[in-house]
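Colleague: Below is one structure. I have some questions about it.
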Amino acid sequence: MQLDSARADRVAAMVLFAIGMASLYGGWTMDRLEVRRIHPASIPGLVPMILGLLLAVCAGLLWLSARRERPAAEGGAGMESWRDAGVALGLCLVYALVLVGNLTFFWATAIFVASFVAVFGGAGGQGGRALLLRLAAAAGFGLASSGLIAVLFRYAFLVRLP
Amino acid sequence: MDRLTEFLSALAGFATLAALFHVSWATLLGIFVGSLPGLTATMGVALLTTLTYTLDRDTAILVLICMYVGAIYGGSRTAILLNIPGTPASAATALDGYPLAQRGEAAYAMALATAGSALGTIVGIVLLVLLAPPLGEAALKFGSFEFFWLAVFGIVISGQLTGGAAPIKGYIAGILGLMVAMVGSDGIHAHVRFNFGLSELNGGIGLIPAMVGAFGFAEVLTVMWRRRPDVADLRRGADRVLPRLADLWRYRWTIGRSGVIGTMVGIIPGVGEDIGAWASYAAARRLSPERAEFGNGSKEGLTAAETGNSAVVPGALIPALTLAVPGSAPAAVLIAALFIHGVRPGPMIMLEQPDFIYSVAAMLFLATIAIAVFGLALARIFVQVLKVPREYLMPVVFALCVIGPFALTQRLFDVWVMVGFGVAGFVLRQMNFPMPPLVLGIILGDLLDKNLRRGLTLSDGDLTPFFTRPISAVFVALILLTILASLPAVRRALGRLLPAARGADR
């Protein structure tokens with residue numbers, strides 16, 4: 001499914017409507033702090049309720065406008081690569097959610113950068129020697145850039161690294 | 001005269017080797033960031049903010065402003081040479097810049113872009129110095145009712161102008177931003193809302209992690225999603241790298257008009273540089289005797305677009321400083337940075353730190369000189385920057401996106417927030433939801449929430465003062481007009497009445 005299509009807009013409208021109703025419900029059921037004798041017009045759930053209602057209305061309007069539009073052509077040959085974006089997303093998630101915090105920042109970053117360069121820098125020559133050179137370049141770049149970032153933040157900006 | 005003296009005095013305060021050193025590296029870095037497709041001004045300012053914690057207040061703000069000015073200007077490089085705007089602000093630049101590059105006039109196109117950017121920023125600085133103090137004083141008359149409507153107006157106008165053909169998506173983005181701001185302790189009773197049992201959310205969602213995610217990580221994914229473009233050959237451009245004074249004189253009205261339009265667009269909350277460029281470009285095309293050339297390599301079109309987008313920078317700082325309402329996404333980050341460094345933007349700034357506006361004007365002026373010098377002197381060298389492979393650049397950018405938000409609070413939770421906003425930002429962008437209203441919503445959420453409830457408390461639950469106080473009534477009228485103008489039937493009617501206005505859309 002293309003993300004800039006009428007169909008995607010209809011799915012988004014449903015999700016947004018659900019979020020809007022959830023916010024409305026959350027605001028309605030939120031503690032009204034009667035025990036603190038606050039003014040009833042200043043209850044904490046007031047604005048979440050209004051925003052939830054507005055989002056639900058806007059989601060309805062989005063649904064209607066998506067119904068009127070003709071669906072965009074699916075699978076058109078664009079200037080984009082979902083495979084590359086997906087692989088990049090996977091690498092970034094592993095780095096940010098798994099490696100950082102479990103390994104020292106230097107090693108986590110070095111592994112991430114080297115992997116990224118190795119995966120996407122594959123336009124070089126064929127054969128085992130070319131592959132080895134590419135991996136060595138990726139590892140070298142990963143170590144150098146990670147070292148630079150770690151030193152910069154640790155010693156220049158006095159940040160305790162994760 | 002007093003204002004000129006204040007400005008010159010502020011400028012003299014930066015006449016130190018250390019300040020000039022900071023201006024140089026930060027502007028160069030900004031041009032570098034803006035030049036690279038995928039690195040935007042907002043991302044640059046957000047990432048650099050995380051590096052300024054240890055700097056003193058003036059130096060920190062100076063480097064951030066230099067980054068902002070440099071990045072907006074730097075976006076023209078890619079627009080001219082690749083036909084891909086380095087930042088969204090340079091989209092209009094590509095229309096005429098790339099055809100000029102294809103004709104072998106790339107270097108001259110970049111020289112014109114440099115002159116346009118510098119002159120546009122100067123027009124904006126003049127208006128900043130003239131308009132910010134009276135606006136700040138006027139803002140002192142704002143009460144809760146007016147601030148509530150100001151926040152609503154910001155979201156509505158930003159959603160309307162950045163939503164393009166589908167303003168509803170702009171409105172939705174703004175509401176989502178406001179909802180994000182509802183997370184955490186509320187500003188009146190300190191009641192914790194929507195923390196989902198996570199104590200890390202009690203203080204709310206940090207603006208910097210959210211911005212770094214929405215503009216940094218999302219850009220990394222977008223760059224990897226796009227295929228690599230071809231770079232125009234600068235060697236064919238064996239033309240001059242300095243703008244001809246005759247050309248600048250010929251386009252003096254275009255430059256002046258675009259500077260004023262850009263600054264005014266900058267003052268409108270949450271609209272930003274791209275709209276400033278398009279509005280200036282459309283006005284220049286309507287009024288130019290050479291309008292047939294627009295889109296085919298018009299030097300006037302290029303100058304108008306670049307003057308317009310650069311003039312937005314000082315313009316966006318006017319409401320940011322005097323109302324704490326950002327005129328653009330990078331200005332939103334700057335507001336966060338100002339708070340971090342102990343400056344409280346808003347109406348009280350004219351009472352608490354009246355000199356600060358002149359300091360900001362002086363910082364902008366120094367950044368302008370730096371882009372003029374570096375832009376003209378290093379035109380050919382910057383082309384090499386465009387050849388940095390994305391597979392080397394993007395992982396480093398993402399590593400900075402991770403460590404930057406962590407540096408602020410030392411919490412891994414903020415890294416997860418960054419990741420969440422990055423993925424959401426990427427998906428929303430692919431679905432053509434604009435990001436500026438979302439960011440503005442996060443900034444304005446607290447203002448809107450507190451002032452609605454405070455106003456209702458003051459009026460004992462009566463809504464009448466929200467509509468009858470003079471400034472409130474003006475805001476209500478503006479909001480209604482803006483929403484009416486977004487209705488398809490009204491747009492069609494306006495299009496029939498003002499055929500020329502259609503061209504202004506794009």
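Chain identifiers are assigned as A, B, and so on, following the order in which chains appear in the structure tokens; residues are numbered from 1 within each chain, and ligands are numbered from 1 in order of appearance.
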Any idea what's packed within 12 Å of segment 126-130 of chain B, counting only C-alpha atoms, ignoring anything in its chain fewer than 6 positions away? Could you give it as number ranges by chain?
Modeller: B: 1-8, 10, 119-120, 136, 256, 259-264, 266-267, 311-322, 354-362, 364-365
Colleague: Please check the contacts: residues of chain B at most 8 Å away from chain A, using only C-alpha atoms, listed as number ranges by chain.
Modeller: B: 51-54, 168-169, 171-172, 175-176, 178-179, 182, 186, 189, 191, 193-194, 221-222, 224-227, 391-392, 395-396, 398-400, 402-403, 406-407, 410, 412, 415-416, 419, 427, 430-432, 449, 453-454, 456-457, 460-461
Colleague: Store the residues picked out above in a file with C-alpha atoms, as a CSV table (one decimal), in the first residue's frame.
Modeller:
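The resulting again.csv:
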```csv
chain,number,residue,atom,x,y,z
B,51,LEU,CA,26.4,20.4,21.9
B,52,THR,CA,25.9,23.9,23.5
B,53,TYR,CA,25.2,22.9,27.1
B,54,THR,CA,28.6,23.8,28.2
B,168,ILE,CA,-7.1,19.1,7.0
B,169,LYS,CA,-3.8,17.2,7.2
B,171,TYR,CA,-4.8,20.7,11.2
B,172,ILE,CA,-4.5,17.1,12.2
B,175,ILE,CA,-3.8,18.7,16.9
B,176,LEU,CA,-1.4,15.7,17.3
B,178,LEU,CA,-1.0,19.6,21.0
B,179,MET,CA,-1.9,16.1,22.2
B,182,MET,CA,-0.8,17.1,27.0
B,186,ASP,CA,-0.3,19.9,33.7
B,189,HIS,CA,-2.5,21.8,39.1
B,191,HIS,CA,-1.7,16.7,37.8
B,193,ARG,CA,-1.8,13.2,32.5
B,194,PHE,CA,-1.4,10.3,30.1
B,221,LEU,CA,15.1,7.2,6.7
B,222,THR,CA,13.9,9.5,4.0
B,224,MET,CA,17.8,6.0,2.5
B,225,TRP,CA,14.3,5.7,0.9
B,226,ARG,CA,15.2,8.1,-2.0
B,227,ARG,CA,17.6,7.0,-4.7
B,391,GLU,CA,26.0,5.4,3.5
B,392,TYR,CA,28.9,7.1,5.3
B,395,PRO,CA,25.0,6.4,10.3
B,396,VAL,CA,27.0,9.2,11.8
B,398,PHE,CA,21.9,8.8,13.4
B,399,ALA,CA,24.6,8.2,16.1
B,400,LEU,CA,24.4,12.0,16.8
B,402,VAL,CA,21.1,9.1,19.7
B,403,ILE,CA,23.7,10.8,21.7
B,406,PHE,CA,20.8,11.5,25.8
B,407,ALA,CA,23.3,14.3,26.6
B,410,GLN,CA,21.3,11.3,30.7
B,412,LEU,CA,17.9,6.3,27.6
B,415,VAL,CA,16.6,8.0,23.0
B,416,TRP,CA,13.4,5.9,22.8
B,419,VAL,CA,13.2,6.8,17.9
B,427,VAL,CA,5.3,7.7,8.2
B,430,GLN,CA,5.2,9.9,3.5
B,431,MET,CA,1.5,10.4,4.0
B,432,ASN,CA,1.9,14.2,3.3
B,449,ASP,CA,-4.0,24.5,27.9
B,453,ARG,CA,-8.3,27.0,31.8
B,454,ARG,CA,-6.9,30.1,33.5
B,456,LEU,CA,-12.2,30.1,32.2
B,457,THR,CA,-11.3,30.3,35.9
B,460,ASP,CA,-15.9,31.8,36.3
B,461,GLY,CA,-16.6,29.5,33.4
```
Colleague: Give me, as a PyMOL selection string, all polymer residues having an atom no more than 8 Å from Ile335 of chain B, counting only C-alpha atoms and skipping those fewer than 2 positions away in the same chain.
Modeller: chain B and resi 320-321+324+326+331-333+337-339+345
Colleague: What separation in Å, quoted to one decimal, exists between atom CA of Arg469 of chain B and atom CA of Gly177 of chain B?
Modeller: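 Spanning atom CA of Arg469 of chain B to atom CA of Gly177 of chain B is a straight-line distance of 27.6 Å.
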Colleague: Let's see if you can do this: from backbone DSSP, list all alpha helix (DSSP H) residues in chain A, as a PyMOL selection string.
Modeller: chain A and resi 6-29+46-68+82-93+105-120+128-151
Colleague: Show me, as a list of chain:residue names, the residues that have an atom within 10 Å of Glu219 of chain B when counting only C-alpha atoms, minus same-chain residues fewer than 2 positions from it.
Modeller: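 Using only C-alpha atoms, the neighbours found are B:Pro37, B:Gly38, B:Leu39, B:Thr40, B:Met43, B:Val212, B:Gly213, B:Ala214, B:Phe215, B:Gly216, B:Phe217, B:Leu221, B:Thr222, B:Val223, B:Met224, B:Trp225, B:Met394, B:Val397, B:Phe398, B:Gly422, B:Val423, B:Gly425, B:Phe426, B:Arg429.
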Colleague: Those residues with C-alpha atoms, as a PDB file, in the first residue's frame please?
Modeller:
```pdb
ATOM      1  CA  PRO B  37      20.050  16.552   1.190  1.00  0.00           C
ATOM      2  CA  GLY B  38      18.621  14.978   4.305  1.00  0.00           C
ATOM      3  CA  LEU B  39      20.168  17.358   6.771  1.00  0.00           C
ATOM      4  CA  THR B  40      17.741  20.196   7.442  1.00  0.00           C
ATOM      5  CA  MET B  43      17.861  19.021  12.487  1.00  0.00           C
ATOM      6  CA  VAL B 212      15.654  15.294  16.749  1.00  0.00           C
ATOM      7  CA  GLY B 213      13.469  12.276  16.003  1.00  0.00           C
ATOM      8  CA  ALA B 214      10.966  14.005  13.744  1.00  0.00           C
ATOM      9  CA  PHE B 215      13.575  15.923  11.806  1.00  0.00           C
ATOM     10  CA  GLY B 216      16.767  13.888  12.254  1.00  0.00           C
ATOM     11  CA  PHE B 217      15.898  10.207  12.324  1.00  0.00           C
ATOM     12  CA  LEU B 221      15.083   7.178   6.732  1.00  0.00           C
ATOM     13  CA  THR B 222      13.874   9.505   3.978  1.00  0.00           C
ATOM     14  CA  VAL B 223      17.365   9.827   2.521  1.00  0.00           C
ATOM     15  CA  MET B 224      17.791   6.048   2.507  1.00  0.00           C
ATOM     16  CA  TRP B 225      14.329   5.735   0.931  1.00  0.00           C
ATOM     17  CA  MET B 394      23.704   8.798   7.565  1.00  0.00           C
ATOM     18  CA  VAL B 397      24.014  11.488  11.707  1.00  0.00           C
ATOM     19  CA  PHE B 398      21.933   8.819  13.418  1.00  0.00           C
ATOM     20  CA  GLY B 422      11.469   9.435  14.040  1.00  0.00           C
ATOM     21  CA  VAL B 423       9.418   6.480  12.855  1.00  0.00           C
ATOM     22  CA  GLY B 425       7.599  11.424  11.542  1.00  0.00           C
ATOM     23  CA  PHE B 426       8.757   9.321   8.591  1.00  0.00           C
ATOM     24  CA  ARG B 429       5.716  12.649   6.020  1.00  0.00           C
TER      25      ARG B 429
END
```
